[in-house]
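> Dropping a structure here in structure tokens format, bear with me for questions.
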Amino acid sequence: MLDWTDSHYRSFARLLSRHTLLYTEMVTTGALIHGDRARFLRYDASEHPLALQLGGSDPAELARCAQMGADWGYDEINLNVGCPSDRVQNGRFGACLMAEPALVADCVAAMKAAVAIPVTVKSRIGIDDRDRYEELVAFTQALERAGCDALIVHARKAWLKGLSPRENREVPPLRWDWVIRLKQDFPTLPMVLNGGVTRLEQVESLLSEQQVDGVMIGREAYQNPWLLADVDRRLFGAANPVATPRQALDAFIPYVERQLAEGVPLASMTRHLLGLFHACPGAKAWRRTLSELAHRPGAGIEVLKAAAARVRPREALLADA
């Protein structure tokens, strides 16, 4: 979710669900140790609960960065062992680390020794031709022995050569059954399923039948953020924060105004809102207005209001019915 789940998106997502655990984009250990630490670690206080996702393969460096995350107030440290991009492979982190379970275990153990907050891992079910279930079990055993607090499994294997990152999200077949089986084989290790989840009904079924302990939703929650708006009621037994997409937009405007006052371009925030009115009449005009006007110098709240005026809300459709 690099370039997608930045602080602006997460601040908006938090208006839709108070209880969903949010994750940062993957941040490399090199960026934190040698770069602008504040740039990568800052977040809005409203984003909690929030996990910091790290990319790296050196146990000492990961421990150092995990400590940074804990000091900044993050609620969880997550090691990405699932990203298949060439850039990630060249840096010896991401999905290629599934070929080195002992090293990943050392990384987890080092981070666990450095922080008191949970340390988790996000992986695939395999890579390239190393895609036997027995290898996934061996990988999981190493993590469990190292003290991993939870394993998040993208239920597709990754092809490190020959497929783009986008194709790796779609081409390898989904194997939810492997993740469910893995939970059965490791009953005390919290297991989270990721990949191909597009509806809350799927989440409810997986959780109600205790097939896994949690479900992670990535692209669908970004492209259709209103999916999150009923999560608190259906999954956490709490009241939903907002009732309509228009209410969500109104609640986000004070945040946008604060960011604009600090010099943040409007388009940096509105690019995360394009899917808010998904399936509403006028949704295309909403997207077009934001795409054409939000990037212009000096663009402000008036652009959001003009775009929203083009949409006929879902509640109006219900009234017509």
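Going through the structure tokens in order, the chains are called A, B, and so on, while each chain numbers its residues from 1 and the ligands are numbered from 1 in the order shown.
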Please provide as a ChimeraX atom specification all residues within 9 Å of segment 200-214 of chain A, with the sequence filter that same-chain residues fewer than 3 positions apart are discarded (counting only C-alpha atoms).
/A:152,179-181,183-184,190-194,197,227-228,230-231,234-235
> With C-alpha atoms kept, could you save the residues just selected as a PDB file, in the first residue's frame?

ATOM      1  CA  ILE A 152      -0.829 -11.675   8.868  1.00  0.00           C
ATOM      2  CA  VAL A 179      -4.437 -19.676   6.047  1.00  0.00           C
ATOM      3  CA  ILE A 180      -7.373 -21.373   7.758  1.00  0.00           C
ATOM      4  CA  ARG A 181      -5.406 -24.620   7.947  1.00  0.00           C
ATOM      5  CA  LYS A 183      -4.548 -21.363  12.102  1.00  0.00           C
ATOM      6  CA  GLN A 184      -5.639 -24.894  12.939  1.00  0.00           C
ATOM      7  CA  PRO A 190      -3.055 -15.097  16.334  1.00  0.00           C
ATOM      8  CA  MET A 191      -3.631 -15.439  12.591  1.00  0.00           C
ATOM      9  CA  VAL A 192      -4.957 -12.699  10.280  1.00  0.00           C
ATOM     10  CA  LEU A 193      -6.109 -13.414   6.728  1.00  0.00           C
ATOM     11  CA  ASN A 194      -5.385 -10.933   3.946  1.00  0.00           C
ATOM     12  CA  VAL A 197     -11.593  -9.663   0.886  1.00  0.00           C
ATOM     13  CA  LEU A 227     -16.797  -0.150   3.217  1.00  0.00           C
ATOM     14  CA  LEU A 228     -15.322   0.817   6.597  1.00  0.00           C
ATOM     15  CA  ASP A 230     -20.289  -0.191   9.044  1.00  0.00           C
ATOM     16  CA  VAL A 231     -17.321  -1.995  10.584  1.00  0.00           C
ATOM     17  CA  ARG A 234     -20.997  -5.156  12.654  1.00  0.00           C
ATOM     18  CA  LEU A 235     -17.651  -6.279  14.009  1.00  0.00           C
TER      19      LEU A 235
END
> Each residue of segment 140-249 of chain A with at least one atom at most 12 Å from segment 56-79 of chain A should appear once, together with its nearest atom pair and the corresponding distance in Å (one decimal); atoms considered: only C-alpha atoms; ordering: chain, then increasing residue number; output as a tab-separated table.

residue	atom	partner	partner_atom	distance
A:Leu143	CA	A:Leu79	CA	11.3
A:Cys148	CA	A:Asn78	CA	9.8
A:Asp149	CA	A:Glu76	CA	9.6
A:Ala150	CA	A:Asn78	CA	9.2
A:Leu151	CA	A:Asn78	CA	9.3
A:Ile152	CA	A:Asn78	CA	9.3
A:Val153	CA	A:Leu79	CA	11.9
> Could those residues be written to a file, using C-alpha atoms, as a compact mmCIF listing (two decimals), in the first residue's frame?

# COMPACT_ATOMS: atom_id res chain seq x y z
CA LEU A 143 8.25 -17.00 13.93
CA CYS A 148 5.86 -13.21 17.07
CA ASP A 149 2.61 -11.78 18.42
CA ALA A 150 0.56 -12.34 15.25
CA LEU A 151 1.03 -13.47 11.66
CA ILE A 152 -0.83 -11.67 8.87
CA VAL A 153 -0.89 -13.86 5.76
> If you run DSSP on this backbone, which residues of segment 146-192 of chain A come out as strand (DSSP E), and could you give them as a VMD selection string?
chain A and resid 150 to 154 191 to 192
> Save out the residues we just selected, N, CA and C atoms, as a CSV table (one decimal), in the first residue's frame.

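To be explicit, this is the file written out as result20.csv:
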chain,number,residue,atom,x,y,z
A,150,ALA,N,1.6,-12.0,16.2
A,150,ALA,CA,0.6,-12.3,15.2
A,150,ALA,C,1.2,-12.5,13.9
A,151,LEU,N,0.6,-13.3,13.0
A,151,LEU,CA,1.0,-13.5,11.7
A,151,LEU,C,-0.1,-13.1,10.7
A,152,ILE,N,0.1,-12.1,9.9
A,152,ILE,CA,-0.8,-11.7,8.9
A,152,ILE,C,-0.4,-12.3,7.5
A,153,VAL,N,-1.3,-13.1,6.9
A,153,VAL,CA,-0.9,-13.9,5.8
A,153,VAL,C,-1.7,-13.4,4.6
A,154,HIS,N,-1.0,-12.9,3.6
A,154,HIS,CA,-1.6,-12.6,2.3
A,154,HIS,C,-1.7,-14.0,1.6
A,191,MET,N,-3.8,-15.3,14.0
A,191,MET,CA,-3.6,-15.4,12.6
A,191,MET,C,-4.6,-14.5,11.9
A,192,VAL,N,-4.1,-13.7,11.0
A,192,VAL,CA,-5.0,-12.7,10.3
A,192,VAL,C,-4.9,-13.0,8.8
> When you look at Gln223 of chain A with a cut-off of 10 Å (counting only C-alpha atoms), what residues show up, excluding the ones that are within fewer than 3 positions of it in the same chain? I need them as a ChimeraX atom specification.
/A:4,218-220,226-227,272-276,278
> Segment 9-24 of chain A: which residues within 10 Å, counting only C-alpha atoms, same-chain residues fewer than 6 positions away excluded, as number ranges by chain?
A: 1-3, 40-41, 43-54, 74-78, 216, 218, 221-222, 225-233, 235-236, 238-245, 247-249, 251-253, 255-256, 268-273
> Between A:Glu135, A:Ile125, A:Ser291, A:Gly147, single out the one closest to Ala113 of chain A, counting only C-alpha atoms.
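Going through A:Glu135, A:Ile125, A:Ser291, A:Gly147 one by one, the smallest distance to Ala113 of chain A is for A:Gly147.
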> Distance atom CA of Lys112 of chain A-atom CA of Ala142 of chain A, one decimal place?
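So the two atoms, atom CA of Lys112 of chain A and atom CA of Ala142 of chain A, lie 14.1 Å apart.
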> Quick one, how far is atom CA of Ala307 of chain A from atom CA of Thr289 of chain A?
5.4 Å
> I'd like the neighbourhood of His295 of chain A as a PyMOL selection string, where a residue qualifies if any of its atoms comes within 9 Å (using only C-alpha atoms), though same-chain residues fewer than 4 positions away should be ignored.
chain A and resi 265-268+290-291+299
> Could the residues in this selection be saved with N, CA and C atoms as a PDB file, in the first residue's frame?

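New file out33.pdb:
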ATOM      1  N   PRO A 265      -0.694  20.578   0.071  1.00  0.00           N
ATOM      2  CA  PRO A 265      -1.550  20.763  -1.109  1.00  0.00           C
ATOM      3  C   PRO A 265      -2.856  19.984  -0.973  1.00  0.00           C
ATOM      4  N   LEU A 266      -3.926  20.561  -1.469  1.00  0.00           N
ATOM      5  CA  LEU A 266      -5.232  19.912  -1.369  1.00  0.00           C
ATOM      6  C   LEU A 266      -5.221  18.528  -2.005  1.00  0.00           C
ATOM      7  N   ALA A 267      -4.568  18.391  -3.149  1.00  0.00           N
ATOM      8  CA  ALA A 267      -4.588  17.116  -3.862  1.00  0.00           C
ATOM      9  C   ALA A 267      -3.952  15.987  -3.055  1.00  0.00           C
ATOM     10  N   SER A 268      -3.048  16.308  -2.140  1.00  0.00           N
ATOM     11  CA  SER A 268      -2.428  15.281  -1.308  1.00  0.00           C
ATOM     12  C   SER A 268      -3.457  14.585  -0.428  1.00  0.00           C
ATOM     13  N   LEU A 290     -12.529  16.677  -8.578  1.00  0.00           N
ATOM     14  CA  LEU A 290     -11.347  16.644  -7.721  1.00  0.00           C
ATOM     15  C   LEU A 290     -10.074  16.462  -8.546  1.00  0.00           C
ATOM     16  N   SER A 291     -10.121  15.586  -9.529  1.00  0.00           N
ATOM     17  CA  SER A 291      -8.933  15.305 -10.333  1.00  0.00           C
ATOM     18  C   SER A 291      -8.488  16.524 -11.135  1.00  0.00           C
ATOM     19  N   ALA A 299      -5.704  25.757  -4.510  1.00  0.00           N
ATOM     20  CA  ALA A 299      -6.977  25.047  -4.366  1.00  0.00           C
ATOM     21  C   ALA A 299      -7.297  24.838  -2.891  1.00  0.00           C
TER      22      ALA A 299
END
> Among segment 5-218 of chain A, which residues does DSSP mark as helix (DSSP H, G or I) when it is run on the backbone? Keep the chain and numbering as in the structure and answer as an NGL selection string.
:A and (7-16 or 29-34 or 37-41 or 45-47 or 59-71 or 86-90 or 94-99 or 101-114 or 133-146 or 165-168 or 176-185 or 200-208)
